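Containing compact mmCIF, C-alpha atoms (C1' of nucleotides): target-v9.txt.
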```txt
# COMPACT_ATOMS: atom_id res chain seq x y z
CA MET A 914 113.25 85.35 70.69
CA ASP A 915 111.49 83.07 68.24
CA GLN A 916 112.75 80.17 70.32
CA LEU A 917 111.19 81.65 73.43
CA LYS A 918 107.93 82.11 71.58
CA ASP A 919 107.89 78.46 70.55
CA PHE A 920 108.78 77.41 74.06
CA LEU A 921 105.92 79.34 75.65
CA LEU A 922 103.54 77.99 73.04
CA GLU A 923 104.72 74.47 73.79
CA ILE A 924 104.10 74.99 77.51
CA TYR A 925 100.64 76.27 76.65
CA ASN A 926 99.90 73.19 74.55
CA LEU A 927 101.12 70.86 77.28
CA LEU A 928 99.02 72.56 79.93
CA TYR A 929 95.98 72.62 77.67
CA SER A 930 96.40 68.92 76.85
CA GLU A 931 96.66 68.13 80.55
CA TYR A 932 93.82 70.24 81.92
CA GLY A 933 91.63 71.23 78.98
CA PRO A 934 89.67 74.49 78.74
CA GLN A 935 89.24 76.24 82.10
CA GLY A 936 86.25 78.39 81.26
CA TRP A 937 87.56 81.54 82.86
CA TRP A 938 86.39 83.94 84.17
CA PRO A 939 83.77 82.09 86.24
CA ALA A 940 81.05 84.74 86.14
CA ASP A 941 77.65 85.31 84.55
CA ASN A 942 78.39 88.74 83.12
CA TRP A 943 80.91 91.57 82.81
CA PHE A 944 79.98 93.28 86.06
CA GLU A 945 80.37 90.09 88.04
CA VAL A 946 83.87 89.76 86.59
CA ILE A 947 84.72 93.23 87.85
CA VAL A 948 83.38 92.60 91.33
CA GLY A 949 85.17 89.26 91.48
CA ALA A 950 88.44 90.81 90.33
CA VAL A 951 88.46 93.14 93.34
CA LEU A 952 87.16 90.60 95.83
CA THR A 953 89.78 88.02 94.90
CA GLN A 954 92.71 90.29 95.75
CA ASN A 955 94.92 88.16 98.01
CA THR A 956 91.92 85.97 98.74
CA SER A 957 90.93 82.41 97.87
CA TRP A 958 88.24 82.07 95.25
CA LYS A 959 86.09 79.99 97.63
CA ASN A 960 85.66 83.01 99.87
CA VAL A 961 84.96 85.25 96.90
CA GLU A 962 82.18 82.91 95.80
CA LYS A 963 80.45 83.29 99.15
CA ALA A 964 80.57 87.06 98.91
CA ILE A 965 79.30 87.04 95.32
CA GLN A 966 76.51 84.70 96.35
CA ASN A 967 75.51 87.10 99.13
CA LEU A 968 75.21 89.89 96.60
CA LYS A 969 73.25 87.74 94.17
CA LEU A 970 70.80 86.50 96.78
CA ASN A 971 70.07 90.08 97.70
CA ASN A 972 69.70 91.11 94.09
CA LEU A 973 72.61 93.50 94.40
CA LEU A 974 74.97 92.31 91.71
CA GLU A 975 74.22 95.16 89.36
CA PRO A 976 76.13 98.41 89.02
CA GLU A 977 73.14 100.68 89.72
CA ARG A 978 72.21 98.74 92.85
CA LEU A 979 75.72 98.78 94.25
CA TYR A 980 76.02 102.44 93.41
CA LYS A 981 73.05 103.22 95.60
CA LEU A 982 74.19 100.97 98.43
CA SER A 983 76.29 102.61 101.13
CA GLU A 984 79.89 101.56 101.54
CA GLN A 985 79.14 100.26 105.03
CA GLU A 986 76.24 98.14 103.84
CA LEU A 987 78.27 96.79 100.93
CA ALA A 988 81.05 95.83 103.32
CA GLN A 989 78.70 93.59 105.29
CA PHE A 990 77.58 91.67 102.21
CA ILE A 991 81.14 90.95 101.12
CA ARG A 992 82.51 89.97 104.54
CA PRO A 993 83.39 86.38 103.58
CA ALA A 994 85.91 87.67 101.03
CA GLY A 995 87.99 89.28 103.78
CA PHE A 996 89.43 92.83 103.81
CA TYR A 997 85.80 93.77 103.46
CA ASN A 998 86.01 97.42 104.49
CA LEU A 999 88.89 97.98 102.12
CA LYS A 1000 87.25 96.12 99.26
CA ALA A 1001 83.95 97.91 99.73
CA LYS A 1002 85.82 101.16 99.26
CA ARG A 1003 87.65 99.82 96.22
CA LEU A 1004 84.44 98.58 94.62
CA LYS A 1005 82.85 101.94 95.21
CA ASN A 1006 85.80 103.64 93.54
CA LEU A 1007 85.46 101.38 90.51
CA ILE A 1008 81.72 101.85 90.28
CA GLU A 1009 82.27 105.58 90.30
CA LEU A 1010 84.37 105.11 87.18
CA LEU A 1011 81.73 102.92 85.54
CA ARG A 1012 79.13 105.59 86.20
CA LYS A 1013 80.98 107.87 83.79
CA TYR A 1014 79.99 105.38 81.10
CA ASP A 1015 76.41 105.21 82.38
CA PHE A 1016 76.99 101.65 83.60
CA ASP A 1017 76.74 100.68 79.96
CA PHE A 1018 78.78 97.71 78.81
CA LYS A 1019 79.20 98.69 75.19
CA LYS A 1020 80.10 102.24 75.99
CA THR A 1021 82.61 101.16 78.61
CA ALA A 1022 84.14 98.41 76.49
CA ALA A 1023 84.59 100.83 73.62
CA GLN A 1024 86.25 103.60 75.60
CA ILE A 1025 87.90 102.33 78.76
CA LYS A 1026 91.68 102.45 78.95
CA ARG A 1027 94.16 100.62 81.13
CA GLU A 1028 95.50 103.87 82.60
CA GLU A 1029 92.02 104.85 83.57
CA LEU A 1030 91.53 101.65 85.54
CA LEU A 1031 94.97 101.98 87.10
CA SER A 1032 94.11 105.47 88.30
CA VAL A 1033 91.36 104.02 90.49
CA ASN A 1034 92.54 103.57 94.05
CA GLY A 1035 92.53 99.84 94.74
CA VAL A 1036 93.02 98.75 91.15
CA GLY A 1037 96.55 97.57 90.43
CA LYS A 1038 97.97 96.04 87.29
CA GLU A 1039 96.65 92.54 87.79
CA THR A 1040 93.15 93.68 88.65
CA ALA A 1041 93.08 96.16 85.76
CA ASP A 1042 94.26 93.57 83.25
CA SER A 1043 91.86 90.93 84.58
CA ILE A 1044 89.01 93.36 84.03
CA LEU A 1045 90.20 94.32 80.56
CA LEU A 1046 90.69 90.72 79.45
CA TYR A 1047 87.81 88.92 81.10
CA ALA A 1048 85.14 91.59 81.41
CA PHE A 1049 85.81 93.57 78.22
CA ASP A 1050 87.51 91.04 75.94
CA LYS A 1051 90.63 93.13 75.44
CA PRO A 1052 93.65 91.05 74.35
CA ILE A 1053 95.78 91.84 77.38
CA PHE A 1054 97.63 89.15 79.29
CA VAL A 1055 97.17 88.93 83.06
CA VAL A 1056 100.36 88.41 85.05
CA ASP A 1057 100.12 87.15 88.60
CA ASN A 1058 102.42 85.52 91.14
CA TYR A 1059 101.68 82.09 89.71
CA THR A 1060 102.86 83.27 86.31
CA ARG A 1061 106.00 84.75 87.78
CA ARG A 1062 106.76 81.60 89.72
CA LEU A 1063 106.21 79.35 86.77
CA LEU A 1064 108.44 81.41 84.48
CA GLN A 1065 111.12 81.48 87.16
CA ARG A 1066 111.08 77.70 87.47
CA LEU A 1067 111.26 77.42 83.70
CA GLU A 1068 114.19 79.83 83.89
CA VAL A 1069 112.56 82.19 81.43
CA VAL A 1070 112.80 85.16 83.78
CA CYS A 1071 114.60 86.00 86.99
CA GLY A 1072 112.98 87.07 90.23
CA GLU A 1073 113.32 90.75 89.49
CA ALA A 1074 111.41 90.66 86.23
CA ASP A 1075 108.74 93.32 86.37
CA TYR A 1076 105.11 93.05 85.39
CA GLU A 1077 105.26 94.56 81.91
CA GLU A 1078 108.38 92.60 81.06
CA ILE A 1079 106.60 89.31 81.73
CA GLN A 1080 103.44 90.53 80.04
CA SER A 1081 105.35 91.40 76.88
CA LEU A 1082 106.62 87.82 76.63
CA PHE A 1083 103.08 86.57 76.31
CA HIS A 1084 102.05 89.40 74.03
CA GLY A 1085 104.87 88.23 71.81
CA ILE A 1086 103.58 84.71 71.32
CA SER A 1087 100.05 85.48 70.25
CA SER A 1088 97.44 88.16 70.05
CA ASP A 1089 94.61 85.71 70.38
CA LEU A 1090 92.05 86.66 73.01
CA GLN A 1091 91.04 83.09 73.85
CA CYS A 1092 94.67 82.07 74.19
CA TYR A 1093 95.28 84.86 76.71
CA LYS A 1094 92.21 83.89 78.72
CA GLU A 1095 93.06 80.22 78.68
CA TYR A 1096 96.79 80.51 79.30
CA HIS A 1097 96.43 82.56 82.44
CA ALA A 1098 93.74 80.22 83.78
CA LEU A 1099 95.86 77.17 82.98
CA ILE A 1100 98.85 78.60 84.81
CA VAL A 1101 96.75 79.23 87.90
CA ARG A 1102 95.27 75.74 87.68
CA HIS A 1103 98.63 74.11 87.20
CA VAL A 1104 100.60 75.84 89.92
CA LYS A 1105 97.79 75.40 92.43
CA GLN A 1106 97.49 71.73 91.60
CA ILE A 1107 101.21 71.07 91.83
CA CYS A 1108 101.55 72.91 95.12
CA LEU A 1109 98.72 70.91 96.66
CA LYS A 1110 100.80 67.77 96.36
CA ASN A 1111 102.82 67.00 99.43
CA LYS A 1112 106.22 66.86 97.86
CA PRO A 1113 106.18 68.03 94.28
CA LYS A 1114 109.33 67.07 92.46
CA CYS A 1115 110.75 68.01 89.13
CA GLY A 1116 109.56 65.93 86.26
CA ASP A 1117 106.46 65.19 88.26
CA CYS A 1118 104.03 67.06 86.04
CA CYS A 1119 103.10 67.64 82.42
CA ILE A 1120 105.78 70.30 81.93
CA GLY A 1121 108.23 68.77 84.38
CA MET A 1122 110.78 67.97 81.72
CA PHE A 1123 111.44 71.70 81.41
CA CYS A 1124 111.85 72.40 85.12
CA LYS A 1125 115.20 72.19 86.80
CA TYR A 1126 113.72 73.06 90.15
CA SER A 1127 110.56 72.19 92.00
CA ILE A 1128 107.76 74.70 91.71
CA LEU A 1129 107.97 75.09 95.48
CA SER A 1130 111.67 75.80 95.44
CA THR A 1131 112.60 79.36 96.26
CA LYS A 1132 115.69 79.03 94.10
CA ASN A 1133 115.58 81.12 90.96
C1' DG B 1067 96.94 76.84 115.83
C1' DG B 1068 99.56 78.42 111.88
C1' DC B 1069 99.71 79.30 107.13
C1' DC B 1070 97.93 80.78 102.93
C1' DA B 1071 94.77 82.68 99.33
C1' DG B 1072 93.61 84.43 91.59
C1' DG B 1073 96.89 92.25 95.52
C1' DT B 1074 97.23 97.03 96.55
C1' DG B 1075 98.28 101.34 98.88
C1' DT B 1076 100.76 103.82 102.19
C1' DA B 1077 104.42 105.22 105.14
C1' DA B 1078 108.82 104.96 106.82
C1' DA B 1079 113.75 104.02 106.01
C1' DT C 364 113.79 103.18 95.44
C1' DT C 365 113.09 99.54 98.61
C1' DT C 366 110.88 97.42 102.54
C1' DA C 367 107.36 96.71 106.01
C1' DC C 368 102.94 96.54 107.05
C1' DA C 369 97.74 96.87 107.10
C1' DC C 370 93.81 94.97 105.35
C1' DA C 371 90.34 89.90 107.47
C1' DT C 372 87.83 85.77 106.38
C1' DG C 373 87.69 80.75 105.90
C1' DG C 374 89.78 76.27 104.52
C1' DC C 375 93.17 72.94 105.41
```

Output the file's structure as structure tokens, nothing else.
Amino acid sequence: MDQLKDFLLEIYNLLYSEYGPQGWWPADNWFEVIVGAVLTQNTSWKNVEKAIQNLKLNNLLEPERLYKLSEQELAQFIRPAGFYNLKAKRLKNLIELLRKYDFDFKKTAAQIKREELLSVNGVGKETADSILLYAFDKPIFVVDNYTRRLLQRLEVVCGEADYEEIQSLFHGISSDLQCYKEYHALIVRHVKQICLKNKPKCGDCCIGMFCKYSILSTKN
DNA sequence: GGCCAGGTGTAAA
DNA sequence: TTTACACATGGC
């Protein structure tokens, strides 16, 4: 297990050396992180940016403002992010939770629990953990499909590995908040970048020496 | 024109 | 418990 820890730390160092700090989450404040976390569900960040911009230009990117806005109106502002009716509902659900804490950052950060976020319809594990890590600075690692794919290619986990299993691997290597924020961002950056190449091969990237299979390969 | 993107919930098998 | 599908826009 200590070996695995060292291995994951080495991967982190290689990625960090290659790409440098990623500055995640790209948002001006905690509430923008939360809105972005919902809007980015199965959606490219480019489209999320347009939706966020719409809200900003209309002075709506504040919890109280969105609380007062109707679901139908909200949906129109976030259209570019896709699934806009669904996401308007999900944002409303989340804002209803935030209202319990009087839309107050400190109060929410001090009291909010993962289970509470997960109980909100439209908030799954990845969204909940993104909010906890990037909006509220909780040392909780965010697992996404990029993470799963990368660990599969590195033969650290198999395809059936569940969310918490993968998460615990990262919780085992460090409890450092910045490391969690950076590692997740670096994984996203790396896998995206590699997949953009026409024919990525093994050994083709900064961690290639550890990959038996191409990142695009479906082989486990 | 087809495929995919920083997922999640629901319903049927 | 697993699988299929809906949700929708915009970039390449």

Tell me as a ChimeraX atom specification which residues belonging to chain A come within 8 Å of chain B, counting only C-alpha atoms (C1' of nucleotides).
/A:953-958,1034-1037,1039-1040,1057,1101

Item to complete: For chain A, report every residue with an atom at most 8 Å from chain C (counting all atoms listed in the file), formatted as a PyMOL selection string.
Response: chain A and resi 960+992-997+999

Students should find that CA of Val946 in chain A and CA of Leu1063 in chain A are spaced 24.6 Å

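When CA of Tyr1093 in chain A is paired with CA of Leu921 in chain A, their separation reads 12.0 Å.
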
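Residue nearest Glu1028 in chain A, chosen from A:Leu974, A:Leu1090, A:Leu1045, A:Ile1107 and counting all atoms listed in the file: A:Leu1045.
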
| message | Taking 3 positions as the minimum chain separation for residues in the same chain, which residues sit within 10 Å of range 1020-1026 of chain A when counting all atoms listed in the file? Answer as a PyMOL selection string. | response | chain A and resi 943+1010-1017+1029-1031+1041+1045+1048-1051

Requested in this report: May I ask for the distance between CA of Trp937 in chain A and CA of Phe1054 in chain A, given in Å to one decimal place?
Outcome: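 Atom-to-atom, CA of Trp937 in chain A and CA of Phe1054 in chain A are spaced 13.1 Å apart.
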
With N, CA and C atoms as the target, complete range 1018-1032 of chain A and hand it back as a short mmCIF file (atom, residue, chain, number, x, y, z; two decimals), keeping the file's coordinate frame.
```cif
data_model
loop_
_atom_site.label_atom_id
_atom_site.label_comp_id
_atom_site.auth_asym_id
_atom_site.auth_seq_id
_atom_site.Cartn_x
_atom_site.Cartn_y
_atom_site.Cartn_z
N PHE A 1018 77.68 98.60 79.22
CA PHE A 1018 78.78 97.71 78.81
C PHE A 1018 79.44 98.15 77.52
N LYS A 1019 78.64 98.35 76.50
CA LYS A 1019 79.20 98.69 75.19
C LYS A 1019 80.00 99.97 75.22
N LYS A 1020 79.43 100.95 75.89
CA LYS A 1020 80.10 102.24 75.99
C LYS A 1020 81.44 102.10 76.72
N THR A 1021 81.40 101.35 77.82
CA THR A 1021 82.61 101.16 78.61
C THR A 1021 83.66 100.37 77.83
N ALA A 1022 83.22 99.27 77.24
CA ALA A 1022 84.14 98.41 76.49
C ALA A 1022 84.81 99.19 75.35
N ALA A 1023 84.06 100.09 74.75
CA ALA A 1023 84.59 100.83 73.62
C ALA A 1023 85.60 101.89 74.03
N GLN A 1024 85.44 102.43 75.24
CA GLN A 1024 86.25 103.60 75.60
C GLN A 1024 87.26 103.41 76.72
N ILE A 1025 87.06 102.42 77.56
CA ILE A 1025 87.90 102.33 78.76
C ILE A 1025 89.35 102.02 78.41
N LYS A 1026 90.25 102.65 79.16
CA LYS A 1026 91.68 102.45 78.95
C LYS A 1026 92.32 101.90 80.21
N ARG A 1027 93.43 101.21 80.00
CA ARG A 1027 94.16 100.62 81.13
C ARG A 1027 94.54 101.68 82.16
N GLU A 1028 95.05 102.81 81.68
CA GLU A 1028 95.50 103.87 82.60
C GLU A 1028 94.35 104.36 83.45
N GLU A 1029 93.19 104.37 82.85
CA GLU A 1029 92.02 104.85 83.57
C GLU A 1029 91.69 103.92 84.74
N LEU A 1030 91.76 102.63 84.47
CA LEU A 1030 91.53 101.65 85.54
C LEU A 1030 92.61 101.76 86.61
N LEU A 1031 93.86 101.91 86.15
CA LEU A 1031 94.97 101.98 87.10
C LEU A 1031 94.90 103.23 87.98
N SER A 1032 94.21 104.24 87.51
CA SER A 1032 94.11 105.47 88.30
C SER A 1032 93.10 105.33 89.44
#
```
